[in-house]
Amino acid sequence: MMTNELILFLILALVAVVSALGMLFSRNAVYAALFLILNFGTVAVFYLLLNAPFIALTQVTVYAGAIMVLFLFVIMLLGAEQSGRTPAVRWLRPVTISLGAILLAEAIYIIYTQRSLLPAKLATSASFGTPNSVGEILFNQYLLPFEVTSVLLLVAMIGAIVLTKPRT
Amino acid sequence: MLPVAYYIGLSAVLFTIGALGVLIRRNSIVIFMSVELMLNAANLAFVAFARAYESMSGQIFVFFVMTVAAAEVAVGLALIVAIFHSKQSIDVDQMNTMKG
């Protein structure tokens, strides 16, 4: 049982990391967007493994659906598939890669040394993470932030309309 | 259930790839997608900790992060379209009008 889950995790983690690297290195922005959709889908499966079905389906509809369609639409609208080919500063790439390696090494070191502080595996109650419990806590404990979110979305909508309006 | 450290490690790897994307790429849309990847890595860590501590607050926070990401994408892509209309390019190296 444990090994099945481990094998599933490793395969999914491989897909997630390879698709993220594909996004990083693909020359064409459309391919980068498609790789990112694959990555979001894989992360949605991780959410399902972690007892978060509501978040997983929100991930698929909001991220892989709405947000990435918007990205693809803008890429094709602007014809920007091949943009960003100007030669970079010569020292940029080695410096960036070494900074990234340092960041990753720090993160792995901290996770490795602090792993005893992380909670041991717990027994899950059957109702943990169901959409029911998400709704219950969202509309009781987090009602005010939820309402403020609607103002944020309204501001974003107005901002997008104002920014793309042709100057008259 | 696997130890939560596995998921946090994966989240750190994805976050680093996103940060590298922001620093290496010159296409502002791809830079923007890398920012989304970093947000996604943070969400994965939130959900993993929510599962480990059996606390629903982590999942609720991911819900709010997704809302903010959607708002950010709408405004950001509108900005990119506006920049493209004025400069005919979305290359970040071309955005140097205010350079001294």
# chains A, B, ... in the order shown; residues from 1 in each chain; ligands from 1
call {"tool": "closest_atom_pairs", "arguments": {"of": "chain A", "to": "chain B", "cutoff": "7 Å", "atoms": "only C-alpha atoms", "output": "JSON lines"}}
result
{"residue": "A:Ala13", "atom": "CA", "partner": "B:Leu10", "partner_atom": "CA", "distance": 6.9}
{"residue": "A:Val17", "atom": "CA", "partner": "B:Leu14", "partner_atom": "CA", "distance": 6.6}
{"residue": "A:Ala20", "atom": "CA", "partner": "B:Ile17", "partner_atom": "CA", "distance": 6.8}
{"residue": "A:Leu21", "atom": "CA", "partner": "B:Ile17", "partner_atom": "CA", "distance": 6.8}
{"residue": "A:Leu24", "atom": "CA", "partner": "B:Gly21", "partner_atom": "CA", "distance": 5.5}
{"residue": "A:Ala29", "atom": "CA", "partner": "B:Val30", "partner_atom": "CA", "distance": 6.4}
{"residue": "A:Tyr47", "atom": "CA", "partner": "B:Val47", "partner_atom": "CA", "distance": 6.9}
{"residue": "A:Leu50", "atom": "CA", "partner": "B:Arg51", "partner_atom": "CA", "distance": 6.0}
{"residue": "A:Asn51", "atom": "CA", "partner": "B:Arg51", "partner_atom": "CA", "distance": 6.9}
{"residue": "A:Ile55", "atom": "CA", "partner": "B:Phe63", "partner_atom": "CA", "distance": 7.0}
{"residue": "A:Ile67", "atom": "CA", "partner": "B:Ala70", "partner_atom": "CA", "distance": 6.6}
{"residue": "A:Ser83", "atom": "CA", "partner": "B:Asn27", "partner_atom": "CA", "distance": 5.6}
{"residue": "A:Gly84", "atom": "CA", "partner": "B:Asn27", "partner_atom": "CA", "distance": 4.2}
{"residue": "A:Arg93", "atom": "CA", "partner": "B:Ile24", "partner_atom": "CA", "distance": 6.5}
{"residue": "A:Thr96", "atom": "CA", "partner": "B:Leu23", "partner_atom": "CA", "distance": 6.5}
{"residue": "A:Gly100", "atom": "CA", "partner": "B:Thr16", "partner_atom": "CA", "distance": 6.0}
{"residue": "A:Leu103", "atom": "CA", "partner": "B:Thr16", "partner_atom": "CA", "distance": 6.9}
{"residue": "A:Leu104", "atom": "CA", "partner": "B:Thr16", "partner_atom": "CA", "distance": 6.2}
{"residue": "A:Ala107", "atom": "CA", "partner": "B:Ala12", "partner_atom": "CA", "distance": 6.4}
{"residue": "A:Ile108", "atom": "CA", "partner": "B:Gly9", "partner_atom": "CA", "distance": 6.5}
{"residue": "A:Ile111", "atom": "CA", "partner": "B:Ala5", "partner_atom": "CA", "distance": 6.7}
{"residue": "A:Arg115", "atom": "CA", "partner": "B:Ala5", "partner_atom": "CA", "distance": 6.6}
{"residue": "A:Pro119", "atom": "CA", "partner": "B:Ala52", "partner_atom": "CA", "distance": 6.3}
{"residue": "A:Lys121", "atom": "CA", "partner": "B:Pro3", "partner_atom": "CA", "distance": 6.5}
{"residue": "A:Leu122", "atom": "CA", "partner": "B:Ala52", "partner_atom": "CA", "distance": 6.9}
{"residue": "A:Gly129", "atom": "CA", "partner": "B:Met56", "partner_atom": "CA", "distance": 6.8}
{"residue": "A:Leu138", "atom": "CA", "partner": "B:Ile60", "partner_atom": "CA", "distance": 6.8}
{"residue": "A:Leu153", "atom": "CA", "partner": "B:Ala71", "partner_atom": "CA", "distance": 5.7}
{"residue": "A:Ala156", "atom": "CA", "partner": "B:Ala71", "partner_atom": "CA", "distance": 5.2}
{"residue": "A:Gly159", "atom": "CA", "partner": "B:Val75", "partner_atom": "CA", "distance": 6.2}
{"residue": "A:Ala160", "atom": "CA", "partner": "B:Val75", "partner_atom": "CA", "distance": 5.0}
{"residue": "A:Leu163", "atom": "CA", "partner": "B:Ala78", "partner_atom": "CA", "distance": 5.9}
{"residue": "A:Thr164", "atom": "CA", "partner": "B:Ala78", "partner_atom": "CA", "distance": 5.8}
call {"tool": "write_last_selection", "arguments": {"atoms": "N, CA and C atoms", "output": "compact mmCIF listing (two decimals), in the first residue's frame"}}
result
# COMPACT_ATOMS: atom_id res chain seq x y z
N ALA A 13 5.61 13.26 -9.62
CA ALA A 13 6.61 14.29 -9.37
C ALA A 13 7.52 14.44 -10.58
N VAL A 17 7.98 17.93 -12.58
CA VAL A 17 9.26 18.62 -12.73
C VAL A 17 9.65 18.72 -14.19
N ALA A 20 7.60 21.40 -15.83
CA ALA A 20 8.05 22.73 -15.43
C ALA A 20 9.34 23.09 -16.15
N LEU A 21 10.28 22.12 -16.28
CA LEU A 21 11.51 22.39 -17.02
C LEU A 21 11.22 22.64 -18.49
N LEU A 24 10.29 26.06 -18.85
CA LEU A 24 11.43 26.95 -18.69
C LEU A 24 12.26 27.03 -19.98
N ALA A 29 6.45 30.29 -26.96
CA ALA A 29 5.63 30.59 -25.78
C ALA A 29 4.38 29.72 -25.73
N TYR A 47 -3.25 17.31 -5.31
CA TYR A 47 -4.27 17.79 -4.38
C TYR A 47 -5.25 16.67 -4.05
N LEU A 50 -3.90 14.50 -1.54
CA LEU A 50 -3.80 15.14 -0.24
C LEU A 50 -5.17 15.46 0.34
N ASN A 51 -6.20 14.73 -0.07
CA ASN A 51 -7.56 14.93 0.48
C ASN A 51 -8.07 16.34 0.26
N ILE A 55 -10.21 21.76 -3.90
CA ILE A 55 -9.09 22.55 -4.42
C ILE A 55 -8.61 21.97 -5.74
N ILE A 67 -7.38 30.56 -16.62
CA ILE A 67 -6.17 31.39 -16.67
C ILE A 67 -5.32 31.03 -17.88
N SER A 83 8.86 35.86 -29.18
CA SER A 83 9.43 37.07 -28.61
C SER A 83 10.48 36.72 -27.55
N GLY A 84 11.31 37.71 -27.23
CA GLY A 84 12.29 37.52 -26.17
C GLY A 84 13.54 36.82 -26.63
N ARG A 93 23.23 34.17 -17.32
CA ARG A 93 22.82 32.78 -17.16
C ARG A 93 23.60 32.04 -16.06
N THR A 96 22.43 33.35 -12.69
CA THR A 96 21.06 32.92 -12.37
C THR A 96 21.03 31.46 -11.93
N GLY A 100 19.86 30.00 -8.37
CA GLY A 100 18.79 29.00 -8.25
C GLY A 100 19.26 27.78 -7.51
N LEU A 103 19.34 28.57 -3.85
CA LEU A 103 17.99 28.58 -3.29
C LEU A 103 17.49 27.18 -3.03
N LEU A 104 17.68 26.30 -4.03
CA LEU A 104 17.20 24.92 -3.89
C LEU A 104 17.96 24.19 -2.78
N ALA A 107 16.68 25.29 0.57
CA ALA A 107 15.36 24.73 0.87
C ALA A 107 15.48 23.26 1.27
N ILE A 108 16.26 22.49 0.49
CA ILE A 108 16.39 21.06 0.78
C ILE A 108 17.08 20.88 2.13
N ILE A 111 14.53 21.62 4.88
CA ILE A 111 13.53 20.55 5.00
C ILE A 111 14.16 19.32 5.64
N ARG A 115 13.03 18.07 9.48
CA ARG A 115 11.96 17.12 9.18
C ARG A 115 11.39 16.47 10.43
N PRO A 119 4.89 17.21 11.28
CA PRO A 119 4.03 16.25 11.96
C PRO A 119 4.18 14.86 11.37
N LYS A 121 2.66 11.16 10.37
CA LYS A 121 1.40 10.93 9.66
C LYS A 121 0.27 10.68 10.65
N LEU A 122 -0.88 11.29 10.33
CA LEU A 122 -2.01 11.25 11.24
C LEU A 122 -3.13 10.44 10.62
N GLY A 129 -11.58 17.63 4.36
CA GLY A 129 -11.32 18.09 3.01
C GLY A 129 -12.45 17.90 2.03
N LEU A 138 -15.61 28.16 5.01
CA LEU A 138 -15.51 29.36 4.18
C LEU A 138 -16.61 30.35 4.50
N LEU A 153 -11.94 41.11 -7.22
CA LEU A 153 -12.21 40.69 -8.59
C LEU A 153 -12.85 41.81 -9.39
N ALA A 156 -10.09 44.17 -10.36
CA ALA A 156 -9.29 43.60 -11.44
C ALA A 156 -10.02 43.73 -12.77
N GLY A 159 -9.88 47.29 -13.86
CA GLY A 159 -8.51 47.61 -14.25
C GLY A 159 -8.19 47.07 -15.63
N ALA A 160 -8.59 45.82 -15.91
CA ALA A 160 -8.30 45.24 -17.22
C ALA A 160 -9.01 46.01 -18.32
N LEU A 163 -7.22 49.46 -18.80
CA LEU A 163 -5.89 49.37 -19.38
C LEU A 163 -5.93 49.07 -20.87
N THR A 164 -6.91 48.29 -21.32
CA THR A 164 -6.92 47.90 -22.73
C THR A 164 -7.82 48.79 -23.57
call {"tool": "atom_distance", "arguments": {"atom1": "atom CA of A:Ile110", "atom2": "atom CA of A:Ala16"}}
result
22.1 Å
call {"tool": "residues_around", "arguments": {"residues": "A:Pro53", "least_positions_apart": "3", "cutoff": "8 Å", "atoms": "only C-alpha atoms", "output": "list of chain:residue names"}}
result
A:Tyr47, A:Leu48, A:Ala56, A:Leu57, A:Gly129, A:Thr130, A:Pro131
call {"tool": "write_last_selection", "arguments": {"atoms": "N, CA, C and O atoms", "output": "PDB file, in the first residue's frame"}}
result
ATOM      1  N   TYR A  47      -3.250  17.310  -5.308  1.00  0.00           N
ATOM      2  CA  TYR A  47      -4.269  17.788  -4.379  1.00  0.00           C
ATOM      3  C   TYR A  47      -5.255  16.672  -4.047  1.00  0.00           C
ATOM      4  O   TYR A  47      -5.686  16.542  -2.896  1.00  0.00           O
ATOM      5  N   LEU A  48      -5.615  15.867  -5.067  1.00  0.00           N
ATOM      6  CA  LEU A  48      -6.524  14.746  -4.802  1.00  0.00           C
ATOM      7  C   LEU A  48      -5.879  13.755  -3.829  1.00  0.00           C
ATOM      8  O   LEU A  48      -6.535  13.251  -2.927  1.00  0.00           O
ATOM      9  N   ALA A  56      -8.606  20.635  -5.866  1.00  0.00           N
ATOM     10  CA  ALA A  56      -8.134  20.007  -7.104  1.00  0.00           C
ATOM     11  C   ALA A  56      -9.011  20.417  -8.280  1.00  0.00           C
ATOM     12  O   ALA A  56      -8.495  20.789  -9.340  1.00  0.00           O
ATOM     13  N   LEU A  57     -10.323  20.377  -8.087  1.00  0.00           N
ATOM     14  CA  LEU A  57     -11.203  20.732  -9.208  1.00  0.00           C
ATOM     15  C   LEU A  57     -11.164  22.230  -9.473  1.00  0.00           C
ATOM     16  O   LEU A  57     -11.273  22.655 -10.625  1.00  0.00           O
ATOM     17  N   GLY A 129     -11.575  17.632   4.358  1.00  0.00           N
ATOM     18  CA  GLY A 129     -11.321  18.087   3.005  1.00  0.00           C
ATOM     19  C   GLY A 129     -12.454  17.902   2.033  1.00  0.00           C
ATOM     20  O   GLY A 129     -12.294  18.190   0.855  1.00  0.00           O
ATOM     21  N   THR A 130     -13.595  17.440   2.477  1.00  0.00           N
ATOM     22  CA  THR A 130     -14.713  17.326   1.544  1.00  0.00           C
ATOM     23  C   THR A 130     -15.224  18.722   1.190  1.00  0.00           C
ATOM     24  O   THR A 130     -15.036  19.666   1.966  1.00  0.00           O
ATOM     25  N   PRO A 131     -15.839  18.881   0.029  1.00  0.00           N
ATOM     26  CA  PRO A 131     -16.403  20.189  -0.327  1.00  0.00           C
ATOM     27  C   PRO A 131     -17.352  20.726   0.735  1.00  0.00           C
ATOM     28  O   PRO A 131     -17.411  21.938   0.968  1.00  0.00           O
TER      29      PRO A 131
END
call {"tool": "select_by_dssp", "arguments": {"residues": "stretch 18-107 of chain A", "states": "helix (DSSP H, G or I)", "output": "JSON, numbers by chain"}}
result
{"A": [18, 19, 20, 21, 22, 23, 24, 25, 29, 30, 31, 32, 33, 34, 35, 36, 37, 38, 39, 40, 41, 42, 43, 44, 45, 46, 47, 48, 49, 53, 54, 55, 56, 57, 58, 59, 60, 61, 62, 63, 64, 65, 66, 67, 68, 69, 70, 71, 72, 73, 74, 75, 76, 77, 78, 92, 93, 94, 95, 96, 97, 98, 99, 100, 101, 102, 103, 104, 105, 106, 107]}
call {"tool": "atom_distance", "arguments": {"atom1": "atom CA of A:Val18", "atom2": "atom CA of A:Leu36"}}
result
10.3 Å
call {"tool": "closest_residue", "arguments": {"among": "A:Thr58, A:Ser98, A:Gln82, A:Ser19", "to": "A:Leu38", "atoms": "only C-alpha atoms"}}
result
A:Ser19
